[in-house]
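Enquirer: Dropping in my_file30.pdb, which is PDB, C-alpha atoms:
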```
ATOM      1  CA  MET H1477     -36.246  22.333   6.649
ATOM      2  CA  ILE H1478     -32.834  21.914   8.201
ATOM      3  CA  GLU H1479     -29.412  22.601   6.732
ATOM      4  CA  ILE H1480     -26.709  19.949   6.729
ATOM      5  CA  ILE H1481     -23.335  19.502   5.022
ATOM      6  CA  VAL H1482     -22.918  16.535   2.698
ATOM      7  CA  ASN H1483     -19.423  15.869   1.362
ATOM      8  CA  GLY H1484     -18.433  19.451   2.082
ATOM      9  CA  LYS H1485     -21.461  21.079   0.430
ATOM     10  CA  ARG H1486     -24.331  22.735   2.262
ATOM     11  CA  THR H1487     -27.707  21.253   1.447
ATOM     12  CA  THR H1488     -31.176  21.140   2.960
ATOM     13  CA  ILE H1489     -33.375  18.246   3.998
ATOM     14  CA  SER H1490     -37.037  18.415   4.951
ATOM     15  CA  LYS H1491     -36.652  17.771   8.689
ATOM     16  CA  GLU H1492     -34.561  15.981  11.293
ATOM     17  CA  MET H1493     -34.549  12.290  10.380
ATOM     18  CA  ASN H1494     -32.458   9.162  10.644
ATOM     19  CA  ILE H1495     -29.557   8.389   8.295
ATOM     20  CA  LYS H1496     -31.473   5.799   6.316
ATOM     21  CA  GLU H1497     -34.108   8.426   5.548
ATOM     22  CA  VAL H1498     -31.494  11.058   4.694
ATOM     23  CA  ILE H1499     -29.839   8.726   2.209
ATOM     24  CA  LYS H1500     -33.179   8.124   0.531
ATOM     25  CA  GLU H1501     -34.083  11.823   0.461
ATOM     26  CA  LEU H1502     -30.707  12.690  -1.082
ATOM     27  CA  HIS H1503     -31.245   9.992  -3.739
ATOM     28  CA  TYR H1504     -28.278   7.832  -2.770
ATOM     29  CA  THR H1505     -29.555   4.615  -4.266
ATOM     30  CA  GLN H1506     -26.292   2.786  -4.847
ATOM     31  CA  GLU H1507     -24.965   0.439  -2.236
ATOM     32  CA  GLY H1508     -21.281   0.098  -1.461
ATOM     33  CA  PHE H1509     -20.537   3.311   0.367
ATOM     34  CA  ALA H1510     -19.689   4.115   3.952
ATOM     35  CA  LEU H1511     -20.745   7.086   6.001
ATOM     36  CA  ALA H1512     -19.269   9.288   8.702
ATOM     37  CA  LEU H1513     -21.206  11.791  10.793
ATOM     38  CA  ASN H1514     -19.306  14.790  12.145
ATOM     39  CA  GLY H1515     -16.040  12.931  11.568
ATOM     40  CA  THR H1516     -17.121   9.704  13.255
ATOM     41  CA  PHE H1517     -17.847   6.462  11.394
ATOM     42  CA  VAL H1518     -21.451   5.289  11.457
ATOM     43  CA  ALA H1519     -22.006   1.582  10.784
ATOM     44  CA  ILE H1520     -24.836   0.563   8.450
ATOM     45  CA  ALA H1521     -26.452  -1.325  11.306
ATOM     46  CA  THR H1522     -27.033   1.942  13.159
ATOM     47  CA  TYR H1523     -28.388   4.094  10.294
ATOM     48  CA  GLU H1524     -31.969   3.820  11.507
ATOM     49  CA  ILE H1525     -31.209   4.861  15.060
ATOM     50  CA  THR H1526     -28.861   7.729  14.215
ATOM     51  CA  ILE H1527     -30.675  11.050  13.858
ATOM     52  CA  ILE H1528     -29.318  13.883  11.716
ATOM     53  CA  HIS H1529     -29.652  17.348  13.216
ATOM     54  CA  ASP H1530     -29.263  20.883  11.906
ATOM     55  CA  ASN H1531     -25.661  21.701  10.856
ATOM     56  CA  ASP H1532     -24.530  18.091  11.021
ATOM     57  CA  SER H1533     -21.787  17.152   8.572
ATOM     58  CA  ILE H1534     -21.923  13.878   6.625
ATOM     59  CA  GLU H1535     -19.216  12.239   4.542
ATOM     60  CA  ILE H1536     -20.329   9.567   2.070
ATOM     61  CA  LEU H1537     -17.370   7.662   0.624
ATOM     62  CA  ALA H1538     -17.170   4.996  -2.087
ATOM     63  CA  PRO H1539     -14.381   2.859  -3.585
ATOM     64  CA  VAL H1540     -11.922   4.500  -5.955
ATOM     65  CA  GLN H1541      -8.511   3.679  -7.384
ATOM     66  CA  GLY H1542      -5.703   4.117  -4.873
ATOM     67  CA  GLY H1543      -1.987   3.707  -4.507
TER      68      GLY H1543
ATOM     69  CA  MET D 752      22.250 -38.071 -13.300
ATOM     70  CA  THR D 753      20.780 -34.726 -14.221
ATOM     71  CA  LYS D 754      20.022 -32.460 -11.315
ATOM     72  CA  ASN D 755      16.529 -31.075 -10.927
ATOM     73  CA  MET D 756      17.023 -27.462 -11.990
ATOM     74  CA  ASN D 757      13.629 -26.200 -10.906
ATOM     75  CA  ILE D 758      14.065 -23.317  -8.505
ATOM     76  CA  THR D 759      11.479 -23.264  -5.746
ATOM     77  CA  HIS D 760       9.867 -19.866  -5.346
ATOM     78  CA  ASP D 761       8.938 -19.439  -1.721
ATOM     79  CA  THR D 762       5.623 -18.392  -0.317
ATOM     80  CA  TRP D 763       5.267 -15.909   2.480
ATOM     81  CA  GLU D 764       2.673 -14.985   5.045
ATOM     82  CA  ILE D 765       1.295 -11.556   5.650
ATOM     83  CA  GLY D 766      -1.774 -10.485   7.560
ATOM     84  CA  GLY D 767      -2.858 -14.095   7.991
ATOM     85  CA  LYS D 768      -2.644 -14.912   4.259
ATOM     86  CA  THR D 769      -0.143 -17.104   2.446
ATOM     87  CA  LEU D 770       0.951 -15.548  -0.833
ATOM     88  CA  SER D 771       3.444 -16.342  -3.559
ATOM     89  CA  SER D 772       3.871 -12.879  -5.103
ATOM     90  CA  ARG D 773       5.848 -10.268  -3.187
ATOM     91  CA  LEU D 774       4.699  -7.422  -5.402
ATOM     92  CA  LEU D 775       1.903  -5.222  -4.091
ATOM     93  CA  ILE D 776       0.358  -3.051  -6.757
ATOM     94  CA  GLY D 777      -1.700   0.144  -6.771
ATOM     95  CA  SER D 778      -4.850   0.634  -8.814
ATOM     96  CA  ALA D 779      -4.560   4.378  -9.568
ATOM     97  CA  LEU D 780      -3.321   6.499 -12.482
ATOM     98  CA  TYR D 781      -3.766   3.937 -15.295
ATOM     99  CA  PRO D 782      -4.842   5.144 -18.727
ATOM    100  CA  SER D 783      -8.063   3.124 -18.474
ATOM    101  CA  PRO D 784      -9.793   0.579 -16.222
ATOM    102  CA  ALA D 785      -9.055  -2.156 -18.771
ATOM    103  CA  ASN D 786      -5.377  -1.243 -18.747
ATOM    104  CA  MET D 787      -5.365  -1.335 -14.957
ATOM    105  CA  GLU D 788      -6.954  -4.761 -14.977
ATOM    106  CA  ASP D 789      -4.443  -6.143 -17.494
ATOM    107  CA  ALA D 790      -1.485  -4.663 -15.614
ATOM    108  CA  ILE D 791      -2.597  -6.098 -12.287
ATOM    109  CA  LYS D 792      -3.129  -9.514 -13.835
ATOM    110  CA  ILE D 793       0.239  -9.715 -15.591
ATOM    111  CA  SER D 794       2.100  -8.383 -12.543
ATOM    112  CA  GLY D 795       1.107 -11.514 -10.663
ATOM    113  CA  ALA D 796       0.416  -9.305  -7.634
ATOM    114  CA  GLN D 797      -1.920 -10.810  -5.071
ATOM    115  CA  ILE D 798      -2.513  -7.588  -3.154
ATOM    116  CA  VAL D 799      -3.971  -4.454  -4.743
ATOM    117  CA  THR D 800      -4.380  -1.109  -3.014
ATOM    118  CA  VAL D 801      -7.625   0.858  -3.211
ATOM    119  CA  ALA D 802      -9.057   3.991  -1.626
ATOM    120  CA  LEU D 803     -12.244   5.799  -0.611
ATOM    121  CA  ARG D 804     -13.427   9.146  -1.898
ATOM    122  CA  ARG D 805     -16.568  11.265  -1.748
ATOM    123  CA  GLN D 806     -19.415   9.955  -3.842
ATOM    124  CA  SER D 807     -22.255  11.990  -5.349
ATOM    125  CA  ALA D 808     -25.853  10.770  -5.383
ATOM    126  CA  GLY D 809     -26.475   8.419  -8.308
ATOM    127  CA  GLU D 810     -22.777   8.056  -9.118
ATOM    128  CA  LYS D 811     -21.889   4.552 -10.334
ATOM    129  CA  SER D 812     -18.139   4.771 -10.926
ATOM    130  CA  GLY D 813     -17.283   3.563  -7.417
ATOM    131  CA  ARG D 814     -19.365   0.452  -7.775
ATOM    132  CA  ASP D 815     -18.032  -0.250 -11.278
ATOM    133  CA  PHE D 816     -14.437   0.057 -10.082
ATOM    134  CA  TRP D 817     -15.077  -2.145  -7.082
ATOM    135  CA  ASN D 818     -16.671  -4.805  -9.299
ATOM    136  CA  ILE D 819     -13.506  -4.933 -11.458
ATOM    137  CA  ILE D 820     -11.302  -5.312  -8.397
ATOM    138  CA  LYS D 821     -13.507  -8.025  -6.918
ATOM    139  CA  SER D 822     -13.427  -9.950 -10.195
ATOM    140  CA  LEU D 823      -9.624 -10.211  -9.928
ATOM    141  CA  GLY D 824      -9.989 -12.439  -6.874
ATOM    142  CA  ILE D 825      -6.975 -11.000  -5.053
ATOM    143  CA  GLU D 826      -6.497  -9.389  -1.658
ATOM    144  CA  VAL D 827      -7.554  -5.771  -1.261
ATOM    145  CA  LEU D 828      -5.565  -3.302   0.804
ATOM    146  CA  PRO D 829      -7.522  -0.064   1.359
ATOM    147  CA  ASN D 830      -5.509   3.045   2.133
ATOM    148  CA  THR D 831      -6.124   6.174   4.187
ATOM    149  CA  ALA D 832      -4.513   8.455   1.611
ATOM    150  CA  GLY D 833      -5.155  12.136   2.173
ATOM    151  CA  CYS D 834      -5.610  11.890   5.929
ATOM    152  CA  HIS D 835      -3.657  14.377   8.033
ATOM    153  CA  SER D 836      -4.534  13.260  11.550
ATOM    154  CA  ALA D 837      -4.946  10.052  13.495
ATOM    155  CA  LYS D 838      -8.660  10.753  13.878
ATOM    156  CA  GLU D 839      -9.218  11.143  10.122
ATOM    157  CA  ALA D 840      -7.229   7.994   9.421
ATOM    158  CA  ILE D 841      -9.083   5.951  12.043
ATOM    159  CA  THR D 842     -12.475   7.017  10.676
ATOM    160  CA  THR D 843     -11.374   6.276   7.109
ATOM    161  CA  ALA D 844     -10.097   2.843   8.166
ATOM    162  CA  GLN D 845     -13.402   2.035   9.824
ATOM    163  CA  MET D 846     -15.285   3.111   6.699
ATOM    164  CA  ALA D 847     -12.957   1.062   4.498
ATOM    165  CA  ARG D 848     -13.494  -2.034   6.611
ATOM    166  CA  GLU D 849     -17.230  -1.787   6.054
ATOM    167  CA  VAL D 850     -17.036  -1.099   2.303
ATOM    168  CA  PHE D 851     -14.237  -3.490   1.354
ATOM    169  CA  GLY D 852     -14.924  -6.192   3.923
ATOM    170  CA  THR D 853     -11.326  -6.469   5.119
ATOM    171  CA  ASN D 854      -9.528  -5.624   8.356
ATOM    172  CA  TRP D 855      -6.379  -4.750   6.401
ATOM    173  CA  ILE D 856      -5.539  -1.055   6.236
ATOM    174  CA  LYS D 857      -2.667   0.759   4.599
ATOM    175  CA  LEU D 858      -2.231   3.542   7.106
ATOM    176  CA  GLU D 859      -1.114   6.837   5.622
ATOM    177  CA  VAL D 860      -1.136   9.927   7.798
ATOM    178  CA  ILE D 861       0.498  12.733   5.904
ATOM    179  CA  GLY D 862       2.545  15.284   7.824
ATOM    180  CA  ASP D 863       3.690  17.507   5.002
ATOM    181  CA  GLN D 864       1.686  18.346   1.925
ATOM    182  CA  TYR D 865       4.755  19.224  -0.152
ATOM    183  CA  ASN D 866       6.654  15.951   0.023
ATOM    184  CA  LEU D 867       3.832  13.779   1.398
ATOM    185  CA  GLN D 868       6.077  12.690   4.237
ATOM    186  CA  PRO D 869       4.189  10.685   6.850
ATOM    187  CA  ASP D 870       3.526  12.172  10.280
ATOM    188  CA  PRO D 871       5.170   9.686  12.662
ATOM    189  CA  PHE D 872       3.398  10.961  15.778
ATOM    190  CA  GLU D 873      -0.093  10.748  14.331
ATOM    191  CA  THR D 874       0.740   7.447  12.633
ATOM    192  CA  VAL D 875       1.760   5.795  15.913
ATOM    193  CA  LYS D 876      -1.326   7.244  17.615
ATOM    194  CA  ALA D 877      -3.589   5.809  14.903
ATOM    195  CA  VAL D 878      -1.876   2.406  15.000
ATOM    196  CA  GLU D 879      -2.532   2.062  18.723
ATOM    197  CA  VAL D 880      -6.271   2.533  18.211
ATOM    198  CA  LEU D 881      -6.586   0.488  15.027
ATOM    199  CA  ILE D 882      -4.779  -2.551  16.411
ATOM    200  CA  LYS D 883      -7.082  -2.531  19.444
ATOM    201  CA  GLU D 884     -10.016  -2.486  17.029
ATOM    202  CA  GLY D 885      -8.740  -5.601  15.255
ATOM    203  CA  PHE D 886      -7.143  -4.068  12.172
ATOM    204  CA  GLU D 887      -4.073  -5.504  10.479
ATOM    205  CA  VAL D 888      -2.168  -2.282   9.982
ATOM    206  CA  PHE D 889       0.257  -1.704   7.111
ATOM    207  CA  PRO D 890       1.767   1.638   8.201
ATOM    208  CA  TYR D 891       3.495   3.867   5.667
ATOM    209  CA  THR D 892       6.544   5.459   7.277
ATOM    210  CA  THR D 893       9.938   6.903   6.425
ATOM    211  CA  ASP D 894      13.252   5.039   6.661
ATOM    212  CA  ASP D 895      13.717   6.279  10.244
ATOM    213  CA  LEU D 896      14.768   3.416  12.521
ATOM    214  CA  VAL D 897      13.355   4.970  15.684
ATOM    215  CA  VAL D 898       9.921   5.461  14.135
ATOM    216  CA  ALA D 899      10.013   1.825  13.047
ATOM    217  CA  LYS D 900      10.812   0.896  16.650
ATOM    218  CA  ARG D 901       7.852   2.880  17.937
ATOM    219  CA  LEU D 902       5.550   1.211  15.417
ATOM    220  CA  ALA D 903       6.810  -2.206  16.479
ATOM    221  CA  ASP D 904       6.396  -1.221  20.152
ATOM    222  CA  VAL D 905       2.687  -0.498  19.653
ATOM    223  CA  GLY D 906       2.133  -3.851  17.968
ATOM    224  CA  CYS D 907       2.783  -3.494  14.227
ATOM    225  CA  LYS D 908       3.742  -6.773  12.588
ATOM    226  CA  ILE D 909       4.161  -5.033   9.254
ATOM    227  CA  ILE D 910       6.076  -1.833   8.536
ATOM    228  CA  MET D 911       6.297  -0.071   5.193
ATOM    229  CA  PRO D 912       9.204   2.391   4.966
ATOM    230  CA  TRP D 913       9.383   4.611   1.933
ATOM    231  CA  GLY D 914      12.095   4.212  -0.676
ATOM    232  CA  SER D 915      11.716   7.906  -1.427
ATOM    233  CA  MET D 916       8.855  10.397  -1.754
ATOM    234  CA  ILE D 917       5.508   9.132  -3.050
ATOM    235  CA  GLY D 918       5.365   9.296  -6.815
ATOM    236  CA  SER D 919       8.949  10.564  -7.151
ATOM    237  CA  GLY D 920      10.365   7.473  -8.840
ATOM    238  CA  LYS D 921      13.745   8.185  -7.241
ATOM    239  CA  GLY D 922      14.230   4.701  -5.864
ATOM    240  CA  LEU D 923      15.887   3.921  -2.544
ATOM    241  CA  MET D 924      17.300   7.201  -1.201
ATOM    242  CA  ASN D 925      18.837   5.671   1.918
ATOM    243  CA  PRO D 926      19.541   1.979   1.434
ATOM    244  CA  ASP D 927      21.737   1.924   4.549
ATOM    245  CA  ASN D 928      18.805   3.122   6.678
ATOM    246  CA  LEU D 929      16.545   0.523   5.103
ATOM    247  CA  LEU D 930      19.094  -2.189   5.758
ATOM    248  CA  ALA D 931      19.384  -1.096   9.393
ATOM    249  CA  ILE D 932      15.617  -1.482   9.802
ATOM    250  CA  ARG D 933      15.774  -4.909   8.171
ATOM    251  CA  LYS D 934      18.553  -6.071  10.490
ATOM    252  CA  GLN D 935      16.854  -4.632  13.573
ATOM    253  CA  PHE D 936      13.524  -6.312  12.872
ATOM    254  CA  PRO D 937      14.068  -9.723  11.278
ATOM    255  CA  GLU D 938      10.700 -10.920  12.611
ATOM    256  CA  LEU D 939       8.598  -8.133  11.062
ATOM    257  CA  LYS D 940       7.226  -8.060   7.551
ATOM    258  CA  LEU D 941       8.926  -5.137   5.837
ATOM    259  CA  ILE D 942       7.641  -3.716   2.580
ATOM    260  CA  ILE D 943       9.101  -0.835   0.642
ATOM    261  CA  ASP D 944       6.258   1.554  -0.086
ATOM    262  CA  ALA D 945       6.664   4.597  -2.313
ATOM    263  CA  GLY D 946       9.408   6.043  -4.452
ATOM    264  CA  ILE D 947      10.055   3.050  -6.679
ATOM    265  CA  GLY D 948      10.577   4.253 -10.249
ATOM    266  CA  LYS D 949      11.994   1.360 -12.206
ATOM    267  CA  PRO D 950      12.343  -2.405 -11.934
ATOM    268  CA  SER D 951      15.936  -2.261 -10.707
ATOM    269  CA  HIS D 952      14.780  -0.267  -7.666
ATOM    270  CA  ALA D 953      12.427  -3.102  -6.760
ATOM    271  CA  THR D 954      15.206  -5.637  -7.231
ATOM    272  CA  GLN D 955      17.472  -3.608  -4.962
ATOM    273  CA  ALA D 956      14.793  -3.484  -2.262
ATOM    274  CA  MET D 957      14.321  -7.234  -2.413
ATOM    275  CA  GLU D 958      18.082  -7.843  -2.349
ATOM    276  CA  LEU D 959      18.176  -5.941   0.954
ATOM    277  CA  GLY D 960      15.960  -8.652   2.363
ATOM    278  CA  TYR D 961      12.687  -6.775   2.287
ATOM    279  CA  ASP D 962       9.644  -9.003   2.180
ATOM    280  CA  GLY D 963       7.842  -7.103  -0.544
ATOM    281  CA  VAL D 964       7.539  -3.978  -2.635
ATOM    282  CA  LEU D 965       4.465  -1.796  -3.032
ATOM    283  CA  LEU D 966       4.258   0.523  -6.015
ATOM    284  CA  ASN D 967       1.815   2.220  -8.326
ATOM    285  CA  SER D 968       3.140   5.157 -10.358
ATOM    286  CA  ALA D 969       6.121   3.276 -11.789
ATOM    287  CA  ILE D 970       3.762   0.892 -13.545
ATOM    288  CA  ALA D 971       0.731   3.091 -14.197
ATOM    289  CA  LEU D 972       2.760   6.010 -15.602
ATOM    290  CA  ALA D 973       4.984   3.878 -17.852
ATOM    291  CA  HIS D 974       4.424   4.250 -21.595
ATOM    292  CA  ASP D 975       3.257   0.643 -21.580
ATOM    293  CA  PRO D 976       1.909  -0.144 -18.101
ATOM    294  CA  VAL D 977       1.147  -3.777 -18.887
ATOM    295  CA  LYS D 978       4.683  -4.492 -20.095
ATOM    296  CA  MET D 979       6.106  -2.607 -17.108
ATOM    297  CA  ALA D 980       3.948  -4.664 -14.756
ATOM    298  CA  ASP D 981       5.498  -7.773 -16.273
ATOM    299  CA  ALA D 982       8.970  -6.261 -15.802
ATOM    300  CA  PHE D 983       8.279  -5.590 -12.133
ATOM    301  CA  ARG D 984       7.094  -9.150 -11.622
ATOM    302  CA  TYR D 985      10.480 -10.400 -12.856
ATOM    303  CA  ALA D 986      12.360  -7.700 -10.937
ATOM    304  CA  VAL D 987      10.796  -8.608  -7.600
ATOM    305  CA  GLU D 988      11.333 -12.320  -8.196
ATOM    306  CA  ALA D 989      14.953 -11.721  -9.227
ATOM    307  CA  GLY D 990      15.661  -9.638  -6.147
ATOM    308  CA  ARG D 991      14.124 -12.199  -3.834
ATOM    309  CA  LEU D 992      16.024 -15.083  -5.427
ATOM    310  CA  GLY D 993      19.194 -13.034  -5.205
ATOM    311  CA  TYR D 994      18.634 -12.379  -1.522
ATOM    312  CA  GLU D 995      17.881 -16.025  -0.790
ATOM    313  CA  SER D 996      20.932 -17.135  -2.742
ATOM    314  CA  GLY D 997      23.297 -15.101  -0.573
ATOM    315  CA  VAL D 998      25.013 -12.168  -2.211
ATOM    316  CA  MET D 999      28.809 -12.331  -2.316
ATOM    317  CA  GLN D1000      30.899 -10.132  -0.044
ATOM    318  CA  GLN D1001      32.324  -7.028  -1.655
ATOM    319  CA  ARG D1002      36.129  -6.849  -1.931
ATOM    320  CA  GLU D1003      38.430  -3.887  -1.722
ATOM    321  CA  PHE D1004      40.587  -5.024  -4.637
ATOM    322  CA  ALA D1005      40.301  -6.868  -7.919
ATOM    323  CA  SER D1006      40.261 -10.628  -7.834
ATOM    324  CA  PRO D1007      40.381 -12.643 -11.056
ATOM    325  CA  SER D1008      37.578 -15.067 -11.685
ATOM    326  CA  THR D1009      39.443 -17.104 -14.319
ATOM    327  CA  PRO D1010      41.964 -19.560 -12.790
ATOM    328  CA  THR D1011      45.513 -18.195 -12.751
ATOM    329  CA  ILE D1012      47.114 -21.647 -12.844
ATOM    330  CA  GLY D1013      48.082 -22.438 -16.399
ATOM    331  CA  THR D1014      47.706 -18.894 -17.587
ATOM    332  CA  PRO D1015      49.295 -18.776 -21.058
ATOM    333  CA  PHE D1016      52.253 -16.500 -21.692
ATOM    334  CA  TRP D1017      52.692 -16.058 -17.942
ATOM    335  CA  HIS D1018      56.229 -15.177 -16.905
ATOM    336  CA  GLN D1019      57.656 -16.087 -20.219
ATOM    337  CA  PHE D1020      61.114 -14.600 -20.514
ATOM    338  CA  LYS D1021      63.255 -14.588 -23.571
ATOM    339  CA  ASP D1022      66.834 -15.811 -23.177
TER     340      ASP D1022
END
```
Now, as a test, write the supplied structure out as structure tokens.
Expert:
Amino acid sequence: MIEIIVNGKRTTISKEMNIKEVIKELHYTQEGFALALNGTFVAIATYEITIIHDNDSIEILAPVQGG
Amino acid sequence: MTKNMNITHDTWEIGGKTLSSRLLIGSALYPSPANMEDAIKISGAQIVTVALRRQSAGEKSGRDFWNIIKSLGIEVLPNTAGCHSAKEAITTAQMAREVFGTNWIKLEVIGDQYNLQPDPFETVKAVEVLIKEGFEVFPYTTDDLVVAKRLADVGCKIIMPWGSMIGSGKGLMNPDNLLAIRKQFPELKLIIDAGIGKPSHATQAMELGYDGVLLNSAIALAHDPVKMADAFRYAVEAGRLGYESGVMQQREFASPSTPTIGTPFWHQFKD
């Protein structure tokens, strides 16, 4: 198990894995979000080659109303 | 022969698009999604602002909202609201481009949490990076002429000075400053962003020669947002037509509008 931060909350995942696998393990099934890793944008095209390590911080953002 | 009395409403170009409405509308703070949808439709706005926020696993609200916006068939302008540094804003812009499928970004880098005043230094820094990455940047700034110059220097074709503080509804605090920016940059697209509280504020902004007005709270927080959206549509059109028509010069003294020749009872003296 490793500990990561998802949208500001500490959580655990089973092991180091790529972003596509993390999304699945965290039950993010909806499309239409974007992701940043440690403050840097990660494009969808690179989810499978980007590995999440212990203490990494992920932001998962989706559309909302805005002014 | 009767003259054709149809007034031609002009179109304008911004960010590579040709639009007829000069009202840009926000999508936040409405009593309900249906009310938001009706207000946007009746406003005639062709650009709507949206944002990104954290999403929990299994949450559907983001997708539902995005589906409503897409169904409107108008341009989407994502913002970087809540960002306090160039780095945060750049990352948010990149995320927005992927989610919303547009290179337009309303750049907001806040420098003070109390009055939500933009940070000019971080804003300019972010603009430099975003323009290199192919974004069409709509930067939110104050009515400071020098900041506007810096934004133009780093390649902004659009600048959005505030009328007054975000959500304050106080209107145009410094119309002279706004006019100075307009006169200094006739080639840039200038949009008043923030502080508009009532339709007359929007008219005033347009009469100054601004290309558009962006607002949210003034419509969404009205007792009847849909009716207010309609009012703002007329207000922006009226201001633009007024500007195009050429406003009369102010005079120091009174000047009668009714002809003085033939004025009855004029200089009538009794013998």
Enquirer: For the provided coordinates, the residues matched by the PyMOL selection byres ((chain D) within 7 of (chain H)) should be stated as JSON, numbers by chain.
Expert: {"D": [777, 778, 779, 800, 801, 802, 803, 804, 805, 806, 808, 809, 813, 814, 816, 817, 842, 845, 846, 849, 850, 967]}
Enquirer: Save the residues we just selected, C-alpha atoms, as a compact mmCIF listing (two decimals), in the coordinates of the input?
Expert:
```
# COMPACT_ATOMS: atom_id res chain seq x y z
CA GLY D 777 -1.70 0.14 -6.77
CA SER D 778 -4.85 0.63 -8.81
CA ALA D 779 -4.56 4.38 -9.57
CA THR D 800 -4.38 -1.11 -3.01
CA VAL D 801 -7.62 0.86 -3.21
CA ALA D 802 -9.06 3.99 -1.63
CA LEU D 803 -12.24 5.80 -0.61
CA ARG D 804 -13.43 9.15 -1.90
CA ARG D 805 -16.57 11.26 -1.75
CA GLN D 806 -19.42 9.96 -3.84
CA ALA D 808 -25.85 10.77 -5.38
CA GLY D 809 -26.48 8.42 -8.31
CA GLY D 813 -17.28 3.56 -7.42
CA ARG D 814 -19.36 0.45 -7.78
CA PHE D 816 -14.44 0.06 -10.08
CA TRP D 817 -15.08 -2.14 -7.08
CA THR D 842 -12.48 7.02 10.68
CA GLN D 845 -13.40 2.04 9.82
CA MET D 846 -15.28 3.11 6.70
CA GLU D 849 -17.23 -1.79 6.05
CA VAL D 850 -17.04 -1.10 2.30
CA ASN D 967 1.82 2.22 -8.33
```
Enquirer: CA of Asp870 in chain D and CA of Ser836 in chain D are how many Å apart?
Expert: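 For CA of Asp870 in chain D relative to CA of Ser836 in chain D, the distance reads 8.2 Å.
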Enquirer: Can you list what the PyMOL selection byres ((chain H and resi 1527) around 6) grabs from this structure, as a ChimeraX atom specification?
Expert: /H:1493-1494,1526,1528
Enquirer: Within 9 Å of Cys834 in chain D, counting all atoms listed in the file, which residues show up once you throw out same-chain ones fewer than 2 positions away? Write them as a count of residues only, please.
Expert: 11
Enquirer: Just so the selection is clear, what residues does the PyMOL selection byres ((chain D and resi 854-858) around 6) cover here, as a compact mmCIF listing (two decimals) with C-alpha atoms, keeping the file's coordinate frame?
Expert:
```
# COMPACT_ATOMS: atom_id res chain seq x y z
CA LEU D 828 -5.56 -3.30 0.80
CA PRO D 829 -7.52 -0.06 1.36
CA ASN D 830 -5.51 3.04 2.13
CA THR D 831 -6.12 6.17 4.19
CA ARG D 848 -13.49 -2.03 6.61
CA THR D 853 -11.33 -6.47 5.12
CA GLU D 859 -1.11 6.84 5.62
CA PHE D 886 -7.14 -4.07 12.17
CA GLU D 887 -4.07 -5.50 10.48
CA VAL D 888 -2.17 -2.28 9.98
CA PHE D 889 0.26 -1.70 7.11
CA PRO D 890 1.77 1.64 8.20
CA TYR D 891 3.50 3.87 5.67
```
Enquirer: Kindly indicate which residue among D:Leu992, D:Ile947, D:Leu965, D:Ile917 lies nearest to Asp761 in chain D, using all atoms listed in the file for the distances.
Expert: D:Leu992
Enquirer: Separation of CA of Glu1524 in chain H and CA of Thr1487 in chain H, in Å?
Expert: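 Computing the Euclidean distance for CA of Glu1524 in chain H and CA of Thr1487 in chain H yields 20.6 Å.
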Enquirer: Which residue is closest to Arg773 in chain D? Choose from D:Pro871, D:Gly963, D:Gly1013, D:Gly885 and count all atoms listed in the file.
Expert: D:Gly963
Enquirer: Distance CA of Gly914 in chain D-CA of Gln864 in chain D, one decimal place?
Expert: 17.7 Å
Enquirer: Would you pick out the contacts of Glu1492 in chain H at 10 Å or less, using all atoms listed in the file, so that residues sharing its chain but fewer than 3 positions from it are not included, and give the list as a list in words?
Expert: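 Near Glu1492 in chain H, the qualifying residues are Met1477, Ile1478, Glu1479, Ile1480, Ile1489, Ile1495, Glu1497, Val1498, Ile1527, Ile1528, His1529 and Asp1530 of chain H.
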Enquirer: When distances are computed from all atoms listed in the file, which of D:Arg1002, D:Leu896, D:Ala971, D:Ile798 shows the smallest separation from Pro784 in chain D?
Expert: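 Among the listed residues, D:Ala971 lies closest to Pro784 in chain D.
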Enquirer: Please list as a PyMOL selection string every residue within 12 Å of Ile943 in chain D, counting all atoms listed in the file and excluding residues in the same chain fewer than 4 positions away.
Expert: chain D and resi 773-776+889-894+909-917+922-926+929-930+932-933+947+952-967+987
Enquirer: Can you list, as JSON, numbers by chain, every protein, DNA or RNA residue that comes within 7 Å of Ser772 in chain D when you count all atoms listed in the file, leaving out same-chain residues fewer than 3 positions away?
Expert: {"D": [795, 796, 797]}
Enquirer: Generate the missing atoms of range 945-949 of chain D up to N, CA, C and O atoms and report them as a PDB file, in the coordinates of the input.
Expert:
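Ended up saving to selection26.pdb:
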```pdb
ATOM      1  N   ALA D 945       6.496   3.253  -1.765  1.00  0.00           N
ATOM      2  CA  ALA D 945       6.664   4.597  -2.313  1.00  0.00           C
ATOM      3  C   ALA D 945       8.085   4.860  -2.811  1.00  0.00           C
ATOM      4  O   ALA D 945       9.064   4.422  -2.197  1.00  0.00           O
ATOM      5  N   GLY D 946       8.138   5.583  -3.907  1.00  0.00           N
ATOM      6  CA  GLY D 946       9.408   6.043  -4.452  1.00  0.00           C
ATOM      7  C   GLY D 946      10.026   5.145  -5.507  1.00  0.00           C
ATOM      8  O   GLY D 946      11.000   5.534  -6.160  1.00  0.00           O
ATOM      9  N   ILE D 947       9.494   3.949  -5.676  1.00  0.00           N
ATOM     10  CA  ILE D 947      10.055   3.050  -6.679  1.00  0.00           C
ATOM     11  C   ILE D 947       9.748   3.611  -8.076  1.00  0.00           C
ATOM     12  O   ILE D 947       8.601   3.967  -8.364  1.00  0.00           O
ATOM     13  N   GLY D 948      10.772   3.676  -8.920  1.00  0.00           N
ATOM     14  CA  GLY D 948      10.577   4.253 -10.249  1.00  0.00           C
ATOM     15  C   GLY D 948      10.815   3.281 -11.379  1.00  0.00           C
ATOM     16  O   GLY D 948      10.262   3.433 -12.473  1.00  0.00           O
ATOM     17  N   LYS D 949      11.683   2.307 -11.139  1.00  0.00           N
ATOM     18  CA  LYS D 949      11.994   1.360 -12.206  1.00  0.00           C
ATOM     19  C   LYS D 949      12.271  -0.013 -11.615  1.00  0.00           C
ATOM     20  O   LYS D 949      12.533  -0.142 -10.412  1.00  0.00           O
TER      21      LYS D 949
END
```
